[in-house]
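Peer 1: So that you have it, the file is my_file09.cif, and it contains mmCIF, all heavy atoms:
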data_entry
loop_
_atom_site.label_atom_id
_atom_site.label_comp_id
_atom_site.auth_asym_id
_atom_site.auth_seq_id
_atom_site.Cartn_x
_atom_site.Cartn_y
_atom_site.Cartn_z
N MET R 1 67.73 74.61 136.58
CA MET R 1 66.44 75.23 136.77
C MET R 1 66.58 76.60 137.44
O MET R 1 65.94 77.55 137.04
CB MET R 1 65.56 74.30 137.62
CG MET R 1 64.27 74.90 138.01
SD MET R 1 62.97 73.99 137.25
CE MET R 1 61.60 74.70 138.03
N LEU R 2 67.41 76.67 138.46
CA LEU R 2 67.63 77.94 139.16
C LEU R 2 68.29 78.96 138.24
O LEU R 2 67.96 80.14 138.27
CB LEU R 2 68.48 77.71 140.41
CG LEU R 2 68.73 78.94 141.27
CD1 LEU R 2 67.41 79.49 141.79
CD2 LEU R 2 69.65 78.60 142.42
N LYS R 3 69.18 78.48 137.38
CA LYS R 3 69.86 79.38 136.44
C LYS R 3 68.85 79.99 135.46
O LYS R 3 68.94 81.18 135.14
CB LYS R 3 70.96 78.63 135.70
CG LYS R 3 71.84 79.52 134.88
CD LYS R 3 73.05 78.79 134.37
CE LYS R 3 73.91 79.78 133.65
NZ LYS R 3 75.30 79.43 133.67
N LYS R 4 67.87 79.20 134.99
CA LYS R 4 66.84 79.74 134.10
C LYS R 4 66.02 80.82 134.80
O LYS R 4 65.71 81.87 134.23
CB LYS R 4 65.90 78.62 133.63
CG LYS R 4 66.45 77.75 132.56
CD LYS R 4 65.38 76.76 132.12
CE LYS R 4 65.88 75.84 131.05
NZ LYS R 4 64.84 74.91 130.60
N PHE R 5 65.68 80.55 136.05
CA PHE R 5 64.91 81.52 136.82
C PHE R 5 65.68 82.82 137.00
O PHE R 5 65.14 83.91 136.83
CB PHE R 5 64.53 80.93 138.19
CG PHE R 5 63.79 81.90 139.06
CD1 PHE R 5 62.47 82.21 138.81
CD2 PHE R 5 64.43 82.50 140.13
CE1 PHE R 5 61.79 83.11 139.61
CE2 PHE R 5 63.76 83.40 140.93
CZ PHE R 5 62.44 83.70 140.68
N VAL R 6 66.95 82.70 137.32
CA VAL R 6 67.79 83.89 137.53
C VAL R 6 67.94 84.66 136.22
O VAL R 6 67.88 85.89 136.21
CB VAL R 6 69.17 83.48 138.11
CG1 VAL R 6 70.13 84.66 138.10
CG2 VAL R 6 69.01 82.91 139.50
N ASN R 7 68.11 83.95 135.11
CA ASN R 7 68.22 84.63 133.81
C ASN R 7 66.93 85.37 133.46
O ASN R 7 66.96 86.50 132.99
CB ASN R 7 68.57 83.62 132.71
CG ASN R 7 70.01 83.17 132.80
OD1 ASN R 7 70.85 83.85 133.38
ND2 ASN R 7 70.30 82.00 132.22
N LYS R 8 65.79 84.72 133.69
CA LYS R 8 64.50 85.38 133.40
C LYS R 8 64.30 86.60 134.30
O LYS R 8 63.82 87.63 133.87
CB LYS R 8 63.34 84.39 133.59
CG LYS R 8 63.28 83.32 132.56
CD LYS R 8 62.76 83.87 131.25
CE LYS R 8 62.58 82.72 130.27
NZ LYS R 8 62.12 83.18 128.99
N TRP R 9 64.67 86.46 135.57
CA TRP R 9 64.52 87.56 136.51
C TRP R 9 65.42 88.72 136.12
O TRP R 9 65.02 89.89 136.18
CB TRP R 9 64.85 87.07 137.92
CG TRP R 9 64.67 88.13 138.96
CD1 TRP R 9 65.65 88.83 139.59
CD2 TRP R 9 63.45 88.66 139.44
NE1 TRP R 9 65.12 89.76 140.45
CE2 TRP R 9 63.75 89.67 140.38
CE3 TRP R 9 62.11 88.39 139.18
CZ2 TRP R 9 62.78 90.39 141.04
CZ3 TRP R 9 61.15 89.12 139.86
CH2 TRP R 9 61.49 90.09 140.77
N THR R 10 66.62 88.45 135.68
CA THR R 10 67.54 89.49 135.25
C THR R 10 67.01 90.21 134.01
O THR R 10 67.07 91.44 133.93
CB THR R 10 68.93 88.89 134.96
OG1 THR R 10 69.37 88.16 136.11
CG2 THR R 10 69.94 89.97 134.64
N GLN R 11 66.46 89.45 133.08
CA GLN R 11 65.88 90.07 131.88
C GLN R 11 64.68 90.94 132.25
O GLN R 11 64.49 92.02 131.69
CB GLN R 11 65.47 89.00 130.88
CG GLN R 11 66.62 88.32 130.20
CD GLN R 11 66.16 87.17 129.31
OE1 GLN R 11 64.98 86.84 129.26
NE2 GLN R 11 67.10 86.55 128.60
N PHE R 12 63.87 90.47 133.18
CA PHE R 12 62.70 91.24 133.61
C PHE R 12 63.12 92.55 134.27
O PHE R 12 62.52 93.60 134.04
CB PHE R 12 61.87 90.41 134.59
CG PHE R 12 60.70 91.15 135.15
CD1 PHE R 12 59.59 91.41 134.38
CD2 PHE R 12 60.71 91.60 136.46
CE1 PHE R 12 58.51 92.10 134.89
CE2 PHE R 12 59.65 92.28 136.99
CZ PHE R 12 58.54 92.54 136.20
N LYS R 13 64.16 92.51 135.09
CA LYS R 13 64.62 93.72 135.76
C LYS R 13 65.22 94.71 134.78
O LYS R 13 65.16 95.92 134.99
CB LYS R 13 65.65 93.35 136.83
CG LYS R 13 65.03 92.77 138.08
CD LYS R 13 66.04 92.30 139.09
CE LYS R 13 67.10 93.32 139.37
NZ LYS R 13 68.06 92.88 140.41
N GLN R 14 65.81 94.24 133.70
CA GLN R 14 66.44 95.13 132.72
C GLN R 14 65.44 95.69 131.73
O GLN R 14 65.72 96.67 131.04
CB GLN R 14 67.55 94.40 131.98
CG GLN R 14 68.73 94.07 132.87
CD GLN R 14 69.77 93.21 132.17
OE1 GLN R 14 69.52 92.69 131.09
NE2 GLN R 14 70.92 93.05 132.80
N ASP R 15 64.26 95.09 131.64
CA ASP R 15 63.23 95.55 130.70
C ASP R 15 62.59 96.82 131.26
O ASP R 15 62.04 96.84 132.34
CB ASP R 15 62.18 94.47 130.51
CG ASP R 15 61.16 94.84 129.45
OD1 ASP R 15 61.46 95.72 128.63
OD2 ASP R 15 60.09 94.23 129.43
N GLU R 16 62.65 97.91 130.50
CA GLU R 16 62.14 99.20 130.97
C GLU R 16 60.67 99.42 130.61
O GLU R 16 60.04 100.31 131.15
CB GLU R 16 62.97 100.33 130.37
CG GLU R 16 64.39 100.39 130.90
CD GLU R 16 64.44 100.79 132.36
OE1 GLU R 16 63.59 101.60 132.77
OE2 GLU R 16 65.32 100.31 133.07
N ASN R 17 60.11 98.67 129.69
CA ASN R 17 58.74 98.92 129.24
C ASN R 17 57.71 98.69 130.33
O ASN R 17 56.82 99.49 130.53
CB ASN R 17 58.41 98.05 128.02
CG ASN R 17 59.23 98.45 126.82
OD1 ASN R 17 59.58 99.61 126.68
ND2 ASN R 17 59.53 97.50 125.96
N GLY R 18 57.81 97.58 131.03
CA GLY R 18 56.83 97.28 132.07
C GLY R 18 56.93 98.24 133.24
O GLY R 18 55.94 98.67 133.80
N ALA R 19 58.13 98.58 133.62
CA ALA R 19 58.32 99.47 134.77
C ALA R 19 57.78 100.86 134.47
O ALA R 19 57.18 101.50 135.32
CB ALA R 19 59.78 99.52 135.15
N SER R 20 57.98 101.37 133.28
CA SER R 20 57.53 102.72 132.99
C SER R 20 56.01 102.81 132.97
O SER R 20 55.45 103.81 133.41
CB SER R 20 58.11 103.21 131.66
OG SER R 20 57.65 102.40 130.60
N ALA R 21 55.33 101.78 132.51
CA ALA R 21 53.87 101.80 132.51
C ALA R 21 53.34 101.82 133.94
O ALA R 21 52.39 102.55 134.25
CB ALA R 21 53.33 100.58 131.75
N ILE R 22 53.95 101.06 134.81
CA ILE R 22 53.52 101.05 136.21
C ILE R 22 53.81 102.40 136.86
O ILE R 22 52.99 102.94 137.60
CB ILE R 22 54.23 99.91 136.96
CG1 ILE R 22 53.75 98.57 136.44
CG2 ILE R 22 54.02 100.02 138.46
CD1 ILE R 22 54.52 97.39 136.95
N GLU R 23 54.95 102.97 136.54
CA GLU R 23 55.29 104.28 137.11
C GLU R 23 54.31 105.35 136.66
O GLU R 23 53.89 106.20 137.46
CB GLU R 23 56.71 104.67 136.72
CG GLU R 23 57.77 103.83 137.40
CD GLU R 23 59.15 104.03 136.79
OE1 GLU R 23 59.26 104.81 135.83
OE2 GLU R 23 60.10 103.41 137.30
N TYR R 24 53.93 105.34 135.39
CA TYR R 24 52.95 106.32 134.90
C TYR R 24 51.60 106.12 135.57
O TYR R 24 50.90 107.09 135.89
CB TYR R 24 52.80 106.24 133.38
CG TYR R 24 53.96 106.88 132.65
CD1 TYR R 24 54.65 106.18 131.67
CD2 TYR R 24 54.35 108.17 132.92
CE1 TYR R 24 55.70 106.76 130.98
CE2 TYR R 24 55.39 108.77 132.24
CZ TYR R 24 56.06 108.05 131.28
OH TYR R 24 57.10 108.63 130.61
N ALA R 25 51.20 104.88 135.79
CA ALA R 25 49.93 104.61 136.46
C ALA R 25 49.95 105.12 137.90
O ALA R 25 48.97 105.71 138.37
CB ALA R 25 49.62 103.12 136.42
N VAL R 26 51.06 104.93 138.59
CA VAL R 26 51.16 105.41 139.97
C VAL R 26 51.15 106.93 140.00
O VAL R 26 50.47 107.54 140.83
CB VAL R 26 52.44 104.85 140.64
CG1 VAL R 26 52.71 105.54 141.96
CG2 VAL R 26 52.31 103.34 140.83
N MET R 27 51.87 107.57 139.08
CA MET R 27 51.88 109.04 139.04
C MET R 27 50.49 109.59 138.74
O MET R 27 50.06 110.59 139.32
CB MET R 27 52.88 109.53 138.00
CG MET R 27 54.31 109.41 138.45
SD MET R 27 55.48 110.24 137.37
CE MET R 27 55.34 109.28 135.88
N ALA R 28 49.77 108.94 137.83
CA ALA R 28 48.42 109.41 137.50
C ALA R 28 47.49 109.25 138.70
O ALA R 28 46.66 110.13 138.98
CB ALA R 28 47.88 108.62 136.30
N ALA R 29 47.61 108.15 139.43
CA ALA R 29 46.77 107.93 140.61
C ALA R 29 47.07 108.96 141.69
O ALA R 29 46.15 109.49 142.33
CB ALA R 29 46.99 106.52 141.15
N VAL R 30 48.34 109.28 141.88
CA VAL R 30 48.70 110.29 142.88
C VAL R 30 48.18 111.66 142.45
O VAL R 30 47.65 112.42 143.28
CB VAL R 30 50.23 110.32 143.09
CG1 VAL R 30 50.66 111.54 143.89
CG2 VAL R 30 50.69 109.05 143.76
N LEU R 31 48.29 111.98 141.18
CA LEU R 31 47.79 113.26 140.69
C LEU R 31 46.29 113.39 140.88
O LEU R 31 45.79 114.43 141.32
CB LEU R 31 48.16 113.43 139.21
CG LEU R 31 47.75 114.73 138.56
CD1 LEU R 31 48.45 115.90 139.24
CD2 LEU R 31 48.07 114.71 137.09
N VAL R 32 45.55 112.34 140.58
CA VAL R 32 44.09 112.36 140.77
C VAL R 32 43.77 112.53 142.25
O VAL R 32 42.87 113.29 142.62
CB VAL R 32 43.45 111.08 140.19
CG1 VAL R 32 42.02 110.93 140.64
CG2 VAL R 32 43.53 111.10 138.68
N GLY R 33 44.51 111.83 143.10
CA GLY R 33 44.28 111.97 144.55
C GLY R 33 44.53 113.38 145.04
O GLY R 33 43.76 113.91 145.85
N VAL R 34 45.58 114.01 144.55
CA VAL R 34 45.89 115.38 144.96
C VAL R 34 44.80 116.34 144.48
O VAL R 34 44.38 117.23 145.23
CB VAL R 34 47.27 115.81 144.42
CG1 VAL R 34 47.49 117.30 144.56
CG2 VAL R 34 48.37 115.03 145.14
N ILE R 35 44.32 116.15 143.28
CA ILE R 35 43.25 117.01 142.75
C ILE R 35 41.98 116.84 143.57
O ILE R 35 41.31 117.83 143.91
CB ILE R 35 43.02 116.73 141.26
CG1 ILE R 35 44.21 117.21 140.45
CG2 ILE R 35 41.74 117.39 140.77
CD1 ILE R 35 44.19 116.82 139.00
N VAL R 36 41.63 115.61 143.88
CA VAL R 36 40.41 115.36 144.68
C VAL R 36 40.55 115.98 146.06
O VAL R 36 39.60 116.61 146.56
CB VAL R 36 40.14 113.84 144.76
CG1 VAL R 36 39.09 113.53 145.81
CG2 VAL R 36 39.71 113.31 143.41
N LEU R 37 41.70 115.83 146.69
CA LEU R 37 41.90 116.44 148.01
C LEU R 37 41.86 117.96 147.95
O LEU R 37 41.29 118.61 148.82
CB LEU R 37 43.23 115.98 148.61
CG LEU R 37 43.23 114.56 149.17
CD1 LEU R 37 44.65 114.18 149.60
CD2 LEU R 37 42.28 114.44 150.33
N ALA R 38 42.45 118.54 146.92
CA ALA R 38 42.42 119.99 146.78
C ALA R 38 41.00 120.50 146.60
O ALA R 38 40.60 121.50 147.20
CB ALA R 38 43.29 120.42 145.61
N LEU R 39 40.21 119.81 145.81
CA LEU R 39 38.82 120.22 145.62
C LEU R 39 38.00 120.01 146.88
O LEU R 39 37.07 120.78 147.15
CB LEU R 39 38.20 119.44 144.46
CG LEU R 39 38.72 119.80 143.07
CD1 LEU R 39 38.11 118.89 142.02
CD2 LEU R 39 38.41 121.26 142.75
N ALA R 40 38.34 119.00 147.67
CA ALA R 40 37.61 118.76 148.92
C ALA R 40 37.89 119.86 149.93
O ALA R 40 37.01 120.22 150.71
CB ALA R 40 38.00 117.40 149.48
N PHE R 41 39.12 120.40 149.94
CA PHE R 41 39.46 121.42 150.91
C PHE R 41 39.01 122.82 150.49
O PHE R 41 38.99 123.72 151.32
CB PHE R 41 40.97 121.43 151.17
CG PHE R 41 41.40 120.32 152.08
CD1 PHE R 41 42.24 119.34 151.63
CD2 PHE R 41 40.94 120.27 153.38
CE1 PHE R 41 42.64 118.31 152.46
CE2 PHE R 41 41.33 119.25 154.23
CZ PHE R 41 42.18 118.26 153.77
N LEU R 42 38.66 123.01 149.23
CA LEU R 42 38.15 124.32 148.82
C LEU R 42 36.74 124.50 149.36
O LEU R 42 35.92 123.58 149.31
CB LEU R 42 38.15 124.43 147.29
CG LEU R 42 39.52 124.55 146.64
CD1 LEU R 42 39.36 124.56 145.13
CD2 LEU R 42 40.23 125.81 147.08
N ASP R 43 36.45 125.66 149.82
CA ASP R 43 35.14 125.94 150.40
C ASP R 43 34.31 126.72 149.38
O ASP R 43 34.38 127.94 149.33
CB ASP R 43 35.30 126.72 151.70
CG ASP R 43 34.03 126.76 152.50
OD1 ASP R 43 33.08 126.02 152.15
OD2 ASP R 43 33.99 127.52 153.49
N PHE R 44 33.57 126.00 148.57
CA PHE R 44 32.82 126.65 147.50
C PHE R 44 31.60 127.41 148.02
O PHE R 44 31.16 128.38 147.43
CB PHE R 44 32.36 125.62 146.46
CG PHE R 44 33.48 125.11 145.60
CD1 PHE R 44 33.88 123.79 145.69
CD2 PHE R 44 34.13 125.93 144.72
CE1 PHE R 44 34.91 123.31 144.90
CE2 PHE R 44 35.15 125.48 143.92
CZ PHE R 44 35.55 124.16 144.02
N ASP R 45 31.04 126.97 149.14
CA ASP R 45 29.84 127.63 149.64
C ASP R 45 30.12 129.08 150.00
O ASP R 45 29.36 129.97 149.63
CB ASP R 45 29.31 126.89 150.88
CG ASP R 45 28.77 125.52 150.51
OD1 ASP R 45 28.36 125.33 149.34
OD2 ASP R 45 28.75 124.63 151.39
N THR R 46 31.18 129.34 150.71
CA THR R 46 31.48 130.73 151.09
C THR R 46 31.92 131.54 149.88
O THR R 46 31.64 132.73 149.81
CB THR R 46 32.57 130.78 152.17
OG1 THR R 46 33.73 130.12 151.69
CG2 THR R 46 32.10 130.12 153.45
N ALA R 47 32.58 130.92 148.93
CA ALA R 47 33.01 131.66 147.74
C ALA R 47 31.80 132.15 146.95
O ALA R 47 31.74 133.31 146.55
CB ALA R 47 33.90 130.78 146.87
N PHE R 48 30.83 131.28 146.76
CA PHE R 48 29.64 131.70 146.00
C PHE R 48 28.76 132.62 146.82
O PHE R 48 28.10 133.50 146.28
CB PHE R 48 28.85 130.47 145.54
CG PHE R 48 29.57 129.68 144.48
CD1 PHE R 48 29.78 128.32 144.64
CD2 PHE R 48 30.04 130.29 143.34
CE1 PHE R 48 30.44 127.59 143.67
CE2 PHE R 48 30.70 129.57 142.37
CZ PHE R 48 30.91 128.21 142.54
N THR R 49 28.75 132.49 148.13
CA THR R 49 27.96 133.38 148.96
C THR R 49 28.53 134.79 148.91
O THR R 49 27.78 135.76 148.79
CB THR R 49 27.95 132.88 150.43
OG1 THR R 49 27.49 131.54 150.43
CG2 THR R 49 27.05 133.73 151.29
N THR R 50 29.84 134.91 148.96
CA THR R 50 30.43 136.25 148.92
C THR R 50 30.24 136.89 147.56
O THR R 50 30.04 138.10 147.46
CB THR R 50 31.92 136.21 149.28
OG1 THR R 50 32.56 135.28 148.41
CG2 THR R 50 32.12 135.79 150.71
N ILE R 51 30.26 136.09 146.50
CA ILE R 51 30.04 136.65 145.16
C ILE R 51 28.59 137.13 145.05
O ILE R 51 28.32 138.24 144.58
CB ILE R 51 30.34 135.59 144.08
CG1 ILE R 51 31.83 135.30 144.04
CG2 ILE R 51 29.85 136.06 142.71
CD1 ILE R 51 32.20 134.13 143.15
N ASN R 52 27.65 136.33 145.55
CA ASN R 52 26.24 136.70 145.44
C ASN R 52 25.92 137.91 146.32
O ASN R 52 25.15 138.76 145.92
CB ASN R 52 25.36 135.52 145.82
CG ASN R 52 25.39 134.44 144.78
OD1 ASN R 52 25.71 134.69 143.63
ND2 ASN R 52 25.08 133.22 145.18
N THR R 53 26.45 137.98 147.51
CA THR R 53 26.13 139.12 148.37
C THR R 53 26.79 140.40 147.88
O THR R 53 26.25 141.48 148.08
CB THR R 53 26.58 138.84 149.83
OG1 THR R 53 27.96 138.52 149.82
CG2 THR R 53 25.78 137.70 150.42
N SER R 54 27.95 140.29 147.23
CA SER R 54 28.57 141.51 146.75
C SER R 54 27.86 142.05 145.51
O SER R 54 27.96 143.23 145.22
CB SER R 54 30.05 141.25 146.43
OG SER R 54 30.15 140.32 145.38
N MET R 55 27.13 141.21 144.82
CA MET R 55 26.44 141.65 143.62
C MET R 55 25.09 142.29 143.97
O MET R 55 24.51 143.01 143.17
CB MET R 55 26.22 140.48 142.66
CG MET R 55 27.53 139.95 142.07
SD MET R 55 27.28 138.49 141.06
CE MET R 55 26.46 139.18 139.66
N GLN R 56 24.59 142.09 145.17
CA GLN R 56 23.25 142.63 145.51
C GLN R 56 23.32 144.03 145.96
O GLN R 56 23.91 144.74 146.44
CB GLN R 56 22.60 141.78 146.60
CG GLN R 56 22.24 140.42 146.07
CD GLN R 56 21.66 139.54 147.17
OE1 GLN R 56 21.64 139.91 148.34
NE2 GLN R 56 21.21 138.38 146.80
#
Let me see whether you can do it: turn the structure in this file into structure tokens.

Peer 2:
Amino acid sequence: MLKKFVNKWTQFKQDENGASAIEYAVMAAVLVGVIVLALAFLDFDTAFTTINTSMQ
């Protein structure tokens, strides 16, 4: 029984398909988080205020 478990575990570790899908999901989540944080730190109010005051 233990030998079957070890064989299945070894096959799972050698299978690259499942690991790559998880890695892509983690990378996408990190990328979305970085974009959200970057947009949160941008100060749009002052940017639009300076554009509007310079046009008047």

Peer 1: How many Å lie between OD2 of Asp43 in chain R and atom O of Val26 in chain R, rounded to one decimal?

Peer 2: 28.8 Å

Peer 1: Mind pulling up the distance from atom N of Ile22 in chain R to CZ3 of Trp9 in chain R?

Peer 2: 14.8 Å

Peer 1: What's the separation between CA of Leu42 in chain R and CA of Tyr24 in chain R, in Å to one decimal place?

Peer 2: 27.1 Å

Peer 1: Around all the atoms of range 32-35 of chain R listed in the file, with 8 Å of room on each side, what axis-aligned box do you get, giving centre and edge lengths in Å to one decimal, as JSON?

Peer 2:
{"center_x": 44.8, "center_y": 114.4, "center_z": 142.3, "size_x": 23.1, "size_y": 22.9, "size_z": 23.2}
